[in-house]
Structures are given as structure tokens and as C-alpha cells.
Amino acid sequence: MLDRGVVTAPDNVLITAGAQQGIDLVLRSCVTPEDVILVEEPTYVGLLELAALRRQRIVSIPTDHDGIQLEALEEACQHYRPRMLYLIPTFNNPTGSSLAAERREALLQLARRYNLLIVEDDIYGLLYYDQQAPLPLKTSDSSGQIIYLFSFSKVLLPALRLCAVVAAPEQMQALASAKRSSDLLCSPILQHALAHYLKRHLLQAHIQQLRPLY
């Protein structure tokens, strides 16, 4: 996560079985049934399926080549009083677009103004091509309003279902409780294997091979 500029304490990191479980735990612990969740249009279908199972209402916000449109987002905040915004601001799935730099700070100000929880899905941030990707929104989060997800399934190998969820201490307690009720913990063997791989500093060389292939 330091490669993406995210600085946090180990106690604020929860390991989950992929980003999908991380999203599921957020929806279970931070959002109630009938709450409104804002998303980009289009967005990751897995989030939509999980929200539908929990009877949480999805409101889509239009996007353009610079990412989510902030005027439409503020209108939705005023009208729906949403609990959460799910966002893939860097290399959106499925469009591939990234949130423009001038919109990033404005988005954070808007979130603070409407007490909007942001779930930032950053599983593609290391897979830039020509120039380094923008830093995550989480790097500018001074109020603990962003829950940040970083997964290894896209940058290392699809079968490696491990994700790091970064959240404020008050959010982490609820997330960890939801995790224990789900599956107690992720595979220690898999975690140790990944830790050994990362300590050998092999990930960056692997990603450098991935980029020209993509």
C-alpha cells in the first residue's frame, strides 16, 4: 500500500478473501437495509448484486471521461441523503476511466459536507501503462471517511483471493466483527506465502511484465 501512497497502522488493516468479501463486510457492517448507496454509472456488477441481496437501494451517478460528475453527485446527496458512495476512481471497472485530479479534492470536500462514507476500490491502481496512476483518494483522507480496498487478485494472480481493507478504528471494529461471523480468518498458509513473496520484492518485477502484456 505504500507503493500507492497509503500510510496506515497495521491495526487499521483487515485481511479479507478478496475485494468482494471486503465490499460485502462493508455493506453488512456500515450500511443498513433500505439505505441508499451511490455508485458510478457503470460500475462493478459484484457490488450491485451484494446490495440487492441486502435490500439496499442503488442510485447511479453519471460519469464522463473525467470520472463521476460532481454536480449530479451533490444533487443525489441532497435528494437521497445516501449512506455511502462506492467508487473506483482509478481505472474504473468497466470503463477504464480515472477521476480527474481537479475533481478529487472537490469530491472529498463534498463527502465531508454530506457526511458521506466513501468505499474506494483500488484494485487496478498498480496496472498503469504509460504514466503512473493518480494516488488514491485515501491519501488525502484526514477525517476517516474513506474505506480503502487493495487486492492482489488482479496484480498478482486471480486465484490469490486476499485483499487489504483499510478503515478508521471505529469502522474496523464493526468490520472485524462481521469478518469473524463470516469465516473467522483467511488462510494463514496463503497469507504467509504472499508475505514471503512480498518480502523478496518480487511484485514490482511481476507487474512490469504484466503491463506490456495488457
# chains A, B, ... in the order shown; residues from 1 in each chain; ligands from 1

call {"tool": "residues_around", "arguments": {"residues": "segment 52-54 of chain A", "least_positions_apart": "6", "cutoff": "9 Å", "atoms": "only C-alpha atoms", "output": "PyMOL selection string"}}
result
chain A and resi 27-28+32-34

call {"tool": "closest_atom_pairs", "arguments": {"of": "segment 149-193 of chain A", "to": "segment 113-121 of chain A", "cutoff": "9 Å", "atoms": "only C-alpha atoms", "output": "CSV"}}
result
residue,atom,partner,partner_atom,distance
A:Leu149,CA,A:Asp121,CA,5.0
A:Phe150,CA,A:Asp121,CA,6.8
A:Ser151,CA,A:Asp121,CA,8.8

call {"tool": "select_by_dssp", "arguments": {"residues": "segment 80-169 of chain A", "states": "helix (DSSP H, G or I)", "output": "list in words"}}
result
Tyr80, Ala101, Glu102, Arg103, Arg104, Glu105, Ala106, Leu107, Leu108, Gln109, Leu110, Ala111, Arg112, Arg113, Leu137, Lys138, Thr139, Ser140 and Pro169 of chain A

call {"tool": "closest_residue", "arguments": {"among": "A:Leu70, A:Glu75, A:Ala133, A:Val36", "to": "Arg104 of chain A", "atoms": "only C-alpha atoms"}}
result
A:Leu70

call {"tool": "closest_residue", "arguments": {"among": "A:Pro212, A:Ser187, A:His192, A:Leu108", "to": "Gly18 of chain A", "atoms": "only C-alpha atoms"}}
result
A:Ser187

call {"tool": "closest_residue", "arguments": {"among": "A:Leu190, A:Leu203, A:Leu85, A:Ile15", "to": "Leu160 of chain A", "atoms": "only C-alpha atoms"}}
result
A:Leu190

call {"tool": "residues_around", "arguments": {"residues": "Leu185 of chain A", "least_positions_apart": "6", "cutoff": "10 Å", "atoms": "only C-alpha atoms", "output": "count of residues only"}}
result
6

call {"tool": "closest_residue", "arguments": {"among": "A:Leu38, A:Leu107, A:Ile61, A:Ala51", "to": "Pro82 of chain A", "atoms": "only C-alpha atoms"}}
result
A:Leu38

call {"tool": "select_by_dssp", "arguments": {"residues": "segment 71-134 of chain A", "states": "strand (DSSP E)", "output": "list of chain:residue names"}}
result
A:Met84, A:Leu85, A:Tyr86, A:Leu87, A:Leu117, A:Ile118, A:Val119, A:Glu120, A:Asp121

call {"tool": "residues_around", "arguments": {"residues": "Thr139 of chain A", "least_positions_apart": "3", "cutoff": "7 Å", "atoms": "only C-alpha atoms", "output": "PDB file with N, CA, C and O atoms, in the first residue's frame"}}
result
ATOM      1  N   GLY A   5       0.913   5.094  -1.846  1.00  0.00           N
ATOM      2  CA  GLY A   5       0.862   6.294  -1.013  1.00  0.00           C
ATOM      3  C   GLY A   5      -0.049   6.203   0.187  1.00  0.00           C
ATOM      4  O   GLY A   5      -0.300   7.214   0.851  1.00  0.00           O
ATOM      5  N   VAL A   6      -0.543   5.016   0.488  1.00  0.00           N
ATOM      6  CA  VAL A   6      -1.466   4.850   1.614  1.00  0.00           C
ATOM      7  C   VAL A   6      -0.669   4.474   2.854  1.00  0.00           C
ATOM      8  O   VAL A   6      -0.043   3.415   2.907  1.00  0.00           O
ATOM      9  N   LEU A 135      -2.705   9.049  -7.257  1.00  0.00           N
ATOM     10  CA  LEU A 135      -2.732   8.478  -5.921  1.00  0.00           C
ATOM     11  C   LEU A 135      -4.176   8.273  -5.472  1.00  0.00           C
ATOM     12  O   LEU A 135      -5.086   8.988  -5.902  1.00  0.00           O
ATOM     13  N   PRO A 136      -4.411   7.293  -4.617  1.00  0.00           N
ATOM     14  CA  PRO A 136      -5.780   7.061  -4.142  1.00  0.00           C
ATOM     15  C   PRO A 136      -6.345   8.262  -3.385  1.00  0.00           C
ATOM     16  O   PRO A 136      -5.607   9.071  -2.810  1.00  0.00           O
TER      17      PRO A 136
END

call {"tool": "residues_around", "arguments": {"residues": "Thr95 of chain A", "least_positions_apart": "4", "cutoff": "10 Å", "atoms": "only C-alpha atoms", "output": "list in words"}}
result
Glu41, Pro42, Thr43, Tyr44, Thr63, Asp64, His65, Gly67 and Phe91 of chain A

call {"tool": "closest_residue", "arguments": {"among": "A:Gln56, A:Ser142, A:Ser181, A:Gln171", "to": "Val7 of chain A", "atoms": "only C-alpha atoms"}}
result
A:Ser142

call {"tool": "decode", "arguments": {"residues": "segment 16-48 of chain A", "atoms": "C-alpha atoms", "output": "PDB file, in the first residue's frame"}}
result
ATOM      1  CA  THR A  16     -10.304 -10.446   3.566  1.00  0.00           C
ATOM      2  CA  ALA A  17     -10.866 -13.151   0.962  1.00  0.00           C
ATOM      3  CA  GLY A  18     -10.637 -10.782  -1.985  1.00  0.00           C
ATOM      4  CA  ALA A  19     -12.189  -7.379  -2.574  1.00  0.00           C
ATOM      5  CA  GLN A  20     -15.618  -8.965  -2.999  1.00  0.00           C
ATOM      6  CA  GLN A  21     -15.643 -10.080   0.625  1.00  0.00           C
ATOM      7  CA  GLY A  22     -14.303  -6.692   1.674  1.00  0.00           C
ATOM      8  CA  ILE A  23     -17.223  -4.977  -0.039  1.00  0.00           C
ATOM      9  CA  ASP A  24     -19.637  -7.470   1.491  1.00  0.00           C
ATOM     10  CA  LEU A  25     -18.338  -6.778   5.003  1.00  0.00           C
ATOM     11  CA  VAL A  26     -18.734  -3.028   4.476  1.00  0.00           C
ATOM     12  CA  LEU A  27     -22.321  -3.463   3.329  1.00  0.00           C
ATOM     13  CA  ARG A  28     -23.032  -5.710   6.325  1.00  0.00           C
ATOM     14  CA  SER A  29     -21.434  -3.527   8.984  1.00  0.00           C
ATOM     15  CA  CYS A  30     -21.718   0.076   7.748  1.00  0.00           C
ATOM     16  CA  VAL A  31     -24.954   0.146   5.732  1.00  0.00           C
ATOM     17  CA  THR A  32     -28.444  -0.882   6.816  1.00  0.00           C
ATOM     18  CA  PRO A  33     -31.262  -2.294   4.668  1.00  0.00           C
ATOM     19  CA  GLU A  34     -33.098   0.455   2.775  1.00  0.00           C
ATOM     20  CA  ASP A  35     -30.041   2.744   2.914  1.00  0.00           C
ATOM     21  CA  VAL A  36     -29.076   4.449  -0.345  1.00  0.00           C
ATOM     22  CA  ILE A  37     -25.719   3.622  -1.937  1.00  0.00           C
ATOM     23  CA  LEU A  38     -24.395   5.862  -4.701  1.00  0.00           C
ATOM     24  CA  VAL A  39     -22.313   4.341  -7.498  1.00  0.00           C
ATOM     25  CA  GLU A  40     -20.754   5.407 -10.770  1.00  0.00           C
ATOM     26  CA  GLU A  41     -22.668   4.559 -13.931  1.00  0.00           C
ATOM     27  CA  PRO A  42     -21.494   1.988 -14.945  1.00  0.00           C
ATOM     28  CA  THR A  43     -19.866   0.218 -12.012  1.00  0.00           C
ATOM     29  CA  TYR A  44     -18.668  -3.156 -10.757  1.00  0.00           C
ATOM     30  CA  VAL A  45     -21.531  -5.645 -11.013  1.00  0.00           C
ATOM     31  CA  GLY A  46     -20.464  -7.519  -7.868  1.00  0.00           C
ATOM     32  CA  LEU A  47     -21.339  -4.518  -5.709  1.00  0.00           C
ATOM     33  CA  LEU A  48     -24.771  -4.284  -7.312  1.00  0.00           C
TER      34      LEU A  48
END
